[in-house]
$ cat work_29.cif   # mmCIF, C-alpha atoms and all ligand atoms
data_input
loop_
_atom_site.group_PDB
_atom_site.id
_atom_site.type_symbol
_atom_site.label_atom_id
_atom_site.label_comp_id
_atom_site.auth_asym_id
_atom_site.auth_seq_id
_atom_site.Cartn_x
_atom_site.Cartn_y
_atom_site.Cartn_z
ATOM 1 C CA MET Y 1033 -53.169 19.348 -89.259
ATOM 2 C CA ASN Y 1034 -50.713 17.959 -91.726
ATOM 3 C CA GLU Y 1035 -51.690 15.570 -94.458
ATOM 4 C CA ALA Y 1036 -50.117 12.451 -92.959
ATOM 5 C CA GLN Y 1037 -51.876 9.333 -94.136
ATOM 6 C CA PRO Y 1038 -53.744 7.598 -91.341
ATOM 7 C CA GLY Y 1039 -52.682 4.073 -90.592
ATOM 8 C CA PRO Y 1040 -55.144 1.213 -90.211
ATOM 9 C CA ASP Y 1041 -55.161 1.704 -86.455
ATOM 10 C CA ASN Y 1042 -55.277 5.489 -86.526
ATOM 11 C CA THR Y 1043 -57.871 6.364 -83.916
ATOM 12 C CA PRO Y 1044 -58.329 9.743 -82.255
ATOM 13 C CA ALA Y 1045 -56.476 8.425 -79.236
ATOM 14 C CA ASP Y 1046 -53.510 7.627 -81.462
ATOM 15 C CA TRP Y 1047 -53.038 11.085 -82.840
ATOM 16 C CA LEU Y 1048 -53.374 12.607 -79.359
ATOM 17 C CA HIS Y 1049 -50.495 10.383 -78.235
ATOM 18 C CA ASN Y 1050 -46.851 11.307 -78.783
ATOM 19 C CA PRO Y 1051 -44.986 8.168 -79.896
ATOM 20 C CA ARG Y 1052 -41.765 9.779 -78.662
ATOM 21 C CA ARG Y 1053 -42.568 10.218 -74.984
ATOM 22 C CA THR Y 1054 -39.475 10.493 -72.811
ATOM 23 C CA PRO Y 1055 -38.539 9.433 -69.254
ATOM 24 C CA ALA Y 1056 -39.290 13.035 -68.192
ATOM 25 C CA LEU Y 1057 -43.028 12.416 -68.585
ATOM 26 C CA TYR Y 1058 -44.904 13.306 -65.379
ATOM 27 C CA ARG Y 1059 -41.785 14.548 -63.606
ATOM 28 C CA ARG Y 1060 -42.123 17.974 -62.007
ATOM 29 C CA THR Y 1061 -40.505 21.183 -63.177
ATOM 30 C CA ALA Y 1062 -38.829 23.511 -60.688
ATOM 31 C CA GLU Y 1063 -42.136 25.420 -60.591
ATOM 32 C CA GLY Y 1064 -44.035 22.240 -59.683
ATOM 33 C CA HIS Y 1065 -45.774 21.770 -63.024
ATOM 34 C CA ILE Y 1066 -46.330 18.215 -64.262
ATOM 35 C CA ILE Y 1067 -44.415 17.547 -67.463
ATOM 36 C CA ALA Y 1068 -46.782 16.599 -70.297
ATOM 37 C CA GLU Y 1069 -45.559 15.415 -73.672
ATOM 38 C CA ASP Y 1070 -48.877 15.271 -75.562
ATOM 39 C CA ILE Y 1071 -52.591 15.744 -74.946
ATOM 40 C CA ALA Y 1072 -53.451 12.114 -74.200
ATOM 41 C CA CYS Y 1073 -50.985 11.863 -71.320
ATOM 42 C CA GLN Y 1074 -52.726 14.676 -69.442
ATOM 43 C CA HIS Y 1075 -56.001 12.777 -69.452
ATOM 44 C CA GLU Y 1076 -54.201 9.547 -68.614
ATOM 45 C CA TYR Y 1077 -52.642 11.288 -65.611
ATOM 46 C CA VAL Y 1078 -56.051 12.386 -64.352
ATOM 47 C CA THR Y 1079 -57.676 8.979 -64.718
ATOM 48 C CA ARG Y 1080 -54.767 6.759 -63.694
ATOM 49 C CA ARG Y 1081 -52.574 8.707 -61.267
ATOM 50 C CA ALA Y 1082 -54.302 11.715 -59.744
ATOM 51 C CA ARG Y 1083 -56.625 11.529 -56.756
ATOM 52 C CA CYS Y 1084 -58.732 14.113 -54.973
ATOM 53 C CA PRO Y 1085 -56.534 15.802 -52.353
ATOM 54 C CA ALA Y 1086 -59.520 16.093 -50.007
ATOM 55 C CA CYS Y 1087 -60.963 12.575 -50.024
ATOM 56 C CA GLY Y 1088 -58.816 10.413 -52.313
ATOM 57 C CA GLY Y 1089 -61.617 9.923 -54.837
ATOM 58 C CA ALA Y 1090 -61.139 9.509 -58.571
ATOM 59 C CA LEU Y 1091 -61.088 12.643 -60.721
ATOM 60 C CA ARG Y 1092 -62.564 13.516 -64.081
ATOM 61 C CA VAL Y 1093 -61.757 16.459 -66.334
ATOM 62 C CA VAL Y 1094 -64.482 19.118 -66.462
ATOM 63 C CA ALA Y 1095 -62.588 21.951 -68.176
ATOM 64 C CA GLN Y 1096 -59.345 22.678 -69.977
ATOM 65 C CA ILE Y 1097 -57.892 26.166 -69.714
ATOM 66 C CA ASP Y 1098 -55.640 27.257 -72.547
ATOM 67 C CA ARG Y 1099 -52.517 28.736 -70.999
ATOM 68 C CA ALA Y 1100 -50.245 27.932 -73.944
ATOM 69 C CA ALA Y 1101 -48.866 31.476 -73.900
ATOM 70 C CA GLU Y 1102 -47.430 30.553 -70.487
ATOM 71 C CA GLY Y 1103 -46.301 27.135 -71.721
ATOM 72 C CA LEU Y 1104 -49.008 25.520 -69.615
ATOM 73 C CA SER Y 1105 -52.155 23.451 -69.949
ATOM 74 C CA GLU Y 1106 -54.522 23.594 -66.996
ATOM 75 C CA LEU Y 1107 -57.072 20.854 -66.397
ATOM 76 C CA VAL Y 1108 -59.885 21.515 -63.964
ATOM 77 C CA CYS Y 1109 -60.939 18.200 -62.453
ATOM 78 C CA GLU Y 1110 -63.951 17.256 -60.392
ATOM 79 C CA CYS Y 1111 -63.840 14.591 -57.724
ATOM 80 C CA GLN Y 1112 -66.339 11.857 -58.517
ATOM 81 C CA ARG Y 1113 -66.938 11.288 -54.796
ATOM 82 C CA CYS Y 1114 -67.025 14.708 -53.040
ATOM 83 C CA LEU Y 1115 -67.376 16.894 -56.173
ATOM 84 C CA GLY Y 1116 -64.466 19.075 -55.037
ATOM 85 C CA LEU Y 1117 -62.432 20.781 -57.756
ATOM 86 C CA THR Y 1118 -58.712 20.265 -58.327
ATOM 87 C CA ARG Y 1119 -56.605 22.177 -60.832
ATOM 88 C CA LEU Y 1120 -53.683 20.386 -62.432
ATOM 89 C CA HIS Y 1121 -51.013 22.416 -64.196
ATOM 90 C CA PHE Y 1122 -49.114 20.645 -66.955
ATOM 91 C CA ASP Y 1123 -45.937 21.973 -68.519
ATOM 92 C CA ILE Y 1124 -46.160 22.003 -72.320
ATOM 93 C CA SER Y 1125 -43.140 24.244 -72.926
ATOM 94 C CA ASN Y 1126 -40.795 21.253 -73.093
ATOM 95 C CA ALA Y 1127 -39.120 20.085 -76.279
ATOM 96 C CA ALA Y 1128 -40.988 16.757 -76.392
ATOM 97 C CA TYR Y 1129 -44.425 18.429 -76.354
ATOM 98 C CA GLN Y 1130 -43.544 21.266 -78.711
ATOM 99 C CA GLY Y 1131 -41.788 18.912 -81.141
ATOM 100 C CA TRP Y 1132 -44.801 16.610 -81.148
ATOM 101 C CA LEU Y 1133 -47.203 19.530 -81.683
ATOM 102 C CA ALA Y 1134 -45.071 20.949 -84.474
ATOM 103 C CA GLY Y 1135 -45.105 17.583 -86.246
ATOM 104 C CA LEU Y 1136 -48.859 17.354 -85.847
ATOM 105 C CA GLN Y 1137 -49.647 20.870 -87.037
ATOM 106 C CA GLY Y 1138 -47.017 21.173 -89.756
ATOM 107 C CA GLU Y 1139 -46.915 24.612 -91.328
ATOM 108 C CA LEU Y 1140 -49.774 25.770 -89.076
ATOM 109 C CA TYR Y 1141 -47.600 25.379 -85.972
ATOM 110 C CA ILE Y 1142 -46.995 28.559 -84.026
ATOM 111 C CA ARG Y 1143 -44.942 28.429 -80.859
ATOM 112 C CA ARG Y 1144 -47.037 30.452 -78.396
ATOM 113 C CA TYR Y 1145 -44.652 30.407 -75.423
ATOM 114 C CA ASP Y 1146 -41.450 32.297 -76.056
ATOM 115 C CA GLY Y 1147 -39.600 31.430 -72.862
ATOM 116 C CA PRO Y 1148 -37.006 28.682 -72.574
ATOM 117 C CA PRO Y 1149 -38.392 25.128 -72.429
ATOM 118 C CA ARG Y 1150 -38.819 23.915 -68.865
ATOM 119 C CA THR Y 1151 -36.991 20.774 -67.798
ATOM 120 C CA PRO Y 1152 -37.498 18.373 -64.887
ATOM 121 C CA ALA Y 1153 -36.336 19.642 -61.530
ATOM 122 C CA PRO Y 1154 -33.201 17.820 -60.338
HETATM 123 ZN ZN ZN X 1 -62.970 14.290 -53.222
#

$ encode --input "work_29.cif" --output "C-alpha cells" --more "lines below"
Ligand SMILES: [Zn+2]
Amino acid sequence: MNEAQPGPDNTPADWLHNPRRTPALYRRTAEGHIIAEDIACQHEYVTRRARCPACGGALRVVAQIDRAAEGLSELVCECQRCLGLTRLHFDISNAAYQGWLAGLQGELYIRRYDGPPRTPAP
C-alpha cells in the first residue's frame, strides 16, 4: 500500500474501486474473459449481473483463485438457490486494472503477468 491520505469517505469499498473505470468494463476479451478494472467490480458483477446458468438464481462468491500470473482472477460462485458452482474468469491484464493496482501498491507493485494486455474483442 502507498501512504495516500484517506479522505473523509475512504471506506474499504472505496479503495477497492478504480475511479478511472473505462467503457471496456465487463466487455469480453477474445478468449471470453470478462474485463475487470478493479477488485470491487468483480464482486459487483457477481451480485448485480451474473446468474446461475442452471437455474437463474443469484450467485455469491465462495472462493477467489489467484491466477495473476495468467493475467486472470477467477471467482468461484455458488448459486443461492440450487447450490451449483459457477466459475467466472476476469481479465486483469488490461491497462486499466494494472494501472489502478500500480497506483494502489506504489513501490510494492510487481507486474505478475508478462504477456501483452488483453483488450475487448471487436
Ligand atoms: Zn442455480

$ resolve_selection --input "work_29.cif" --expression "the PyMOL selection byres (((chain Y and resi 1121) around 6) and not hetatm)" --output "JSON, numbers by chain"
{"Y": [1065, 1105, 1106, 1120, 1122]}

$ write_last_selection --input "work_29.cif" --atoms "C-alpha atoms" --output "mmCIF file, in the coordinates of the input"
data_model
loop_
_atom_site.group_PDB
_atom_site.id
_atom_site.type_symbol
_atom_site.label_atom_id
_atom_site.label_comp_id
_atom_site.auth_asym_id
_atom_site.auth_seq_id
_atom_site.Cartn_x
_atom_site.Cartn_y
_atom_site.Cartn_z
ATOM 1 C CA HIS Y 1065 -45.774 21.770 -63.024
ATOM 2 C CA SER Y 1105 -52.155 23.451 -69.949
ATOM 3 C CA GLU Y 1106 -54.522 23.594 -66.996
ATOM 4 C CA LEU Y 1120 -53.683 20.386 -62.432
ATOM 5 C CA PHE Y 1122 -49.114 20.645 -66.955
#

$ residues_around --input "work_29.cif" --residues "Pro1148 (chain Y)" --least-positions-apart "5" --cutoff "12 Å" --atoms "all atoms listed in the file" --output "JSON, numbers by chain"
{"Y": [1102, 1103, 1123, 1124, 1125, 1126, 1127, 1130, 1143]}

$ write_last_selection --input "work_29.cif" --atoms "C-alpha atoms" --output "PDB file, in the frame of the given file"
ATOM      1  CA  GLU Y1102     -47.430  30.553 -70.487  1.00  0.00           C
ATOM      2  CA  GLY Y1103     -46.301  27.135 -71.721  1.00  0.00           C
ATOM      3  CA  ASP Y1123     -45.937  21.973 -68.519  1.00  0.00           C
ATOM      4  CA  ILE Y1124     -46.160  22.003 -72.320  1.00  0.00           C
ATOM      5  CA  SER Y1125     -43.140  24.244 -72.926  1.00  0.00           C
ATOM      6  CA  ASN Y1126     -40.795  21.253 -73.093  1.00  0.00           C
ATOM      7  CA  ALA Y1127     -39.120  20.085 -76.279  1.00  0.00           C
ATOM      8  CA  GLN Y1130     -43.544  21.266 -78.711  1.00  0.00           C
ATOM      9  CA  ARG Y1143     -44.942  28.429 -80.859  1.00  0.00           C
TER      10      ARG Y1143
END

$ residues_near_ligand --input "work_29.cif" --ligand "ligand ZN 1 (chain X)" --cutoff "12 Å" --atoms "all atoms listed in the file" --output "number ranges by chain"
Y: 1082-1092, 1109-1118

$ atom_distance --input "work_29.cif" --atom1 "CA of Ile1097 (chain Y)" --atom2 "CA of Pro1154 (chain Y)"
27.7 Å

$ closest_residue --input "work_29.cif" --among "Y:Arg1150, Y:Arg1060, Y:Arg1052, Y:Arg1144" --to "Asp1098 (chain Y)" --atoms "only C-alpha atoms"
Y:Arg1144

$ atom_distance --input "work_29.cif" --atom1 "CA of Ile1142 (chain Y)" --atom2 "CA of Ala1062 (chain Y)"
25.2 Å

$ closest_residue --input "work_29.cif" --among "Y:Val1094, Y:Leu1133, Y:Leu1048, Y:Val1108" --to "Cys1073 (chain Y)" --atoms "only C-alpha atoms"
Y:Leu1048

$ atom_distance --input "work_29.cif" --atom1 "CA of Gly1147 (chain Y)" --atom2 "CA of Trp1132 (chain Y)"
17.8 Å

$ residues_near_point --input "work_29.cif" --point "(-34.7, 12.2, -72.7)" --cutoff "12 Å" --atoms "only C-alpha atoms" --output "list in words"
Arg1052, Arg1053, Thr1054, Pro1055, Ala1056, Leu1057, Arg1059, Glu1069, Asn1126, Ala1127, Ala1128, Thr1151 and Pro1152 of chain Y

$ closest_residue --input "work_29.cif" --among "Y:Ala1134, Y:Ala1153, Y:Val1093, Y:Ala1101" --to "Gln1074 (chain Y)" --atoms "only C-alpha atoms"
Y:Val1093

$ decode --input "work_29.cif" --residues "chain Y" --atoms "C-alpha atoms" --output "compact mmCIF listing (two decimals), in the first residue's frame"
# COMPACT_ATOMS: atom_id res chain seq x y z
CA MET Y 1033 0.00 0.00 0.00
CA ASN Y 1034 1.13 3.53 -0.59
CA GLU Y 1035 0.83 6.23 2.01
CA ALA Y 1036 -2.02 8.15 0.38
CA GLN Y 1037 -4.03 10.04 2.95
CA PRO Y 1038 -7.53 8.66 3.34
CA GLY Y 1039 -10.34 11.04 2.59
CA PRO Y 1040 -13.31 11.52 4.90
CA ASP Y 1041 -15.29 8.99 2.90
CA ASN Y 1042 -12.48 6.49 2.46
CA THR Y 1043 -14.12 3.15 3.17
CA PRO Y 1044 -12.77 -0.25 2.19
CA ALA Y 1045 -15.17 -0.27 -0.74
CA ASP Y 1046 -13.62 2.97 -1.97
CA TRP Y 1047 -10.09 1.73 -2.18
CA LEU Y 1048 -11.22 -1.47 -3.92
CA HIS Y 1049 -12.85 0.71 -6.59
CA ASN Y 1050 -10.91 2.16 -9.52
CA PRO Y 1051 -12.07 5.76 -10.04
CA ARG Y 1052 -10.84 5.51 -13.64
CA ARG Y 1053 -13.02 2.69 -14.93
CA THR Y 1054 -13.40 2.71 -18.70
CA PRO Y 1055 -16.17 1.77 -21.16
CA ALA Y 1056 -14.36 -1.57 -21.62
CA LEU Y 1057 -15.51 -2.71 -18.18
CA TYR Y 1058 -17.33 -6.07 -18.39
CA ARG Y 1059 -16.74 -6.43 -22.12
CA ARG Y 1060 -15.29 -9.78 -23.18
CA THR Y 1061 -11.78 -10.43 -24.42
CA ALA Y 1062 -11.20 -12.62 -27.47
CA GLU Y 1063 -10.67 -15.50 -25.03
CA GLY Y 1064 -14.07 -14.85 -23.41
CA HIS Y 1065 -12.76 -13.42 -20.15
CA ILE Y 1066 -14.75 -10.62 -18.50
CA ILE Y 1067 -12.77 -7.40 -18.36
CA ALA Y 1068 -12.29 -6.25 -14.76
CA GLU Y 1069 -10.75 -2.91 -13.87
CA ASP Y 1070 -10.50 -3.29 -10.07
CA ILE Y 1071 -11.47 -5.73 -7.33
CA ALA Y 1072 -14.83 -4.20 -6.45
CA CYS Y 1073 -16.20 -4.54 -9.97
CA GLN Y 1074 -15.73 -8.32 -9.90
CA HIS Y 1075 -17.95 -8.63 -6.85
CA GLU Y 1076 -20.41 -6.14 -8.31
CA TYR Y 1077 -20.61 -8.30 -11.44
CA VAL Y 1078 -21.44 -11.38 -9.38
CA THR Y 1079 -24.14 -9.70 -7.31
CA ARG Y 1080 -25.69 -7.46 -9.95
CA ARG Y 1081 -25.22 -9.11 -13.35
CA ALA Y 1082 -24.38 -12.80 -13.13
CA ARG Y 1083 -26.97 -15.53 -12.69
CA CYS Y 1084 -26.70 -19.28 -12.23
CA PRO Y 1085 -26.54 -20.87 -15.69
CA ALA Y 1086 -28.54 -23.86 -14.43
CA CYS Y 1087 -31.49 -22.23 -12.67
CA GLY Y 1088 -31.12 -18.44 -12.97
CA GLY Y 1089 -30.60 -17.98 -9.23
CA ALA Y 1090 -28.46 -15.30 -7.64
CA LEU Y 1091 -24.78 -16.07 -7.05
CA ARG Y 1092 -22.41 -15.38 -4.20
CA VAL Y 1093 -18.62 -15.61 -4.17
CA VAL Y 1094 -17.26 -18.58 -2.21
CA ALA Y 1095 -13.62 -18.53 -3.35
CA GLN Y 1096 -11.14 -16.41 -5.26
CA ILE Y 1097 -8.36 -18.16 -7.15
CA ASP Y 1098 -5.22 -16.15 -7.75
CA ARG Y 1099 -4.31 -16.53 -11.40
CA ALA Y 1100 -2.50 -13.20 -11.67
CA ALA Y 1101 0.44 -14.89 -13.40
CA GLU Y 1102 -2.02 -15.60 -16.23
CA GLY Y 1103 -3.49 -12.10 -16.03
CA LEU Y 1104 -6.68 -13.56 -14.59
CA SER Y 1105 -8.79 -13.51 -11.45
CA GLU Y 1106 -11.12 -16.46 -11.00
CA LEU Y 1107 -14.16 -16.22 -8.75
CA VAL Y 1108 -15.89 -19.42 -7.73
CA CYS Y 1109 -19.55 -18.63 -7.12
CA GLU Y 1110 -22.29 -20.65 -5.51
CA CYS Y 1111 -25.90 -20.41 -6.57
CA GLN Y 1112 -28.05 -19.35 -3.64
CA ARG Y 1113 -30.95 -21.44 -4.98
CA CYS Y 1114 -29.54 -24.75 -6.33
CA LEU Y 1115 -26.06 -24.52 -4.74
CA GLY Y 1116 -24.43 -25.23 -8.11
CA LEU Y 1117 -20.96 -23.79 -8.68
CA THR Y 1118 -20.05 -21.34 -11.44
CA ARG Y 1119 -16.54 -20.13 -12.22
CA LEU Y 1120 -16.13 -16.62 -13.58
CA HIS Y 1121 -12.86 -15.65 -15.23
CA PHE Y 1122 -11.97 -11.97 -15.13
CA ASP Y 1123 -9.22 -10.41 -17.20
CA ILE Y 1124 -6.87 -8.31 -15.06
CA SER Y 1125 -4.08 -7.99 -17.63
CA ASN Y 1126 -5.60 -4.81 -19.07
CA ALA Y 1127 -4.05 -1.38 -18.66
CA ALA Y 1128 -6.91 -0.02 -16.52
CA TYR Y 1129 -6.56 -2.78 -13.90
CA GLN Y 1130 -2.77 -2.84 -13.85
CA GLY Y 1131 -2.55 0.96 -13.72
CA TRP Y 1132 -5.00 1.04 -10.83
CA LEU Y 1133 -3.11 -1.71 -8.97
CA ALA Y 1134 0.22 0.01 -9.54
CA GLY Y 1135 -1.17 3.24 -8.08
CA LEU Y 1136 -2.53 1.37 -5.09
CA GLN Y 1137 0.62 -0.62 -4.35
CA GLY Y 1138 3.20 2.02 -5.21
CA GLU Y 1139 6.75 0.74 -5.00
CA LEU Y 1140 5.48 -2.70 -3.93
CA TYR Y 1141 3.80 -3.23 -7.31
CA ILE Y 1142 5.08 -6.16 -9.30
CA ARG Y 1143 3.52 -6.95 -12.65
CA ARG Y 1144 2.95 -10.72 -12.46
CA TYR Y 1145 1.66 -11.29 -16.00
CA ASP Y 1146 4.25 -10.64 -18.66
CA GLY Y 1147 2.08 -11.06 -21.74
CA PRO Y 1148 0.51 -8.19 -23.65
CA PRO Y 1149 -2.55 -6.60 -22.02
CA ARG Y 1150 -5.78 -8.09 -23.32
CA THR Y 1151 -8.31 -5.78 -24.94
CA PRO Y 1152 -12.04 -6.15 -25.65
CA ALA Y 1153 -12.91 -8.40 -28.55
CA PRO Y 1154 -14.21 -6.40 -31.54
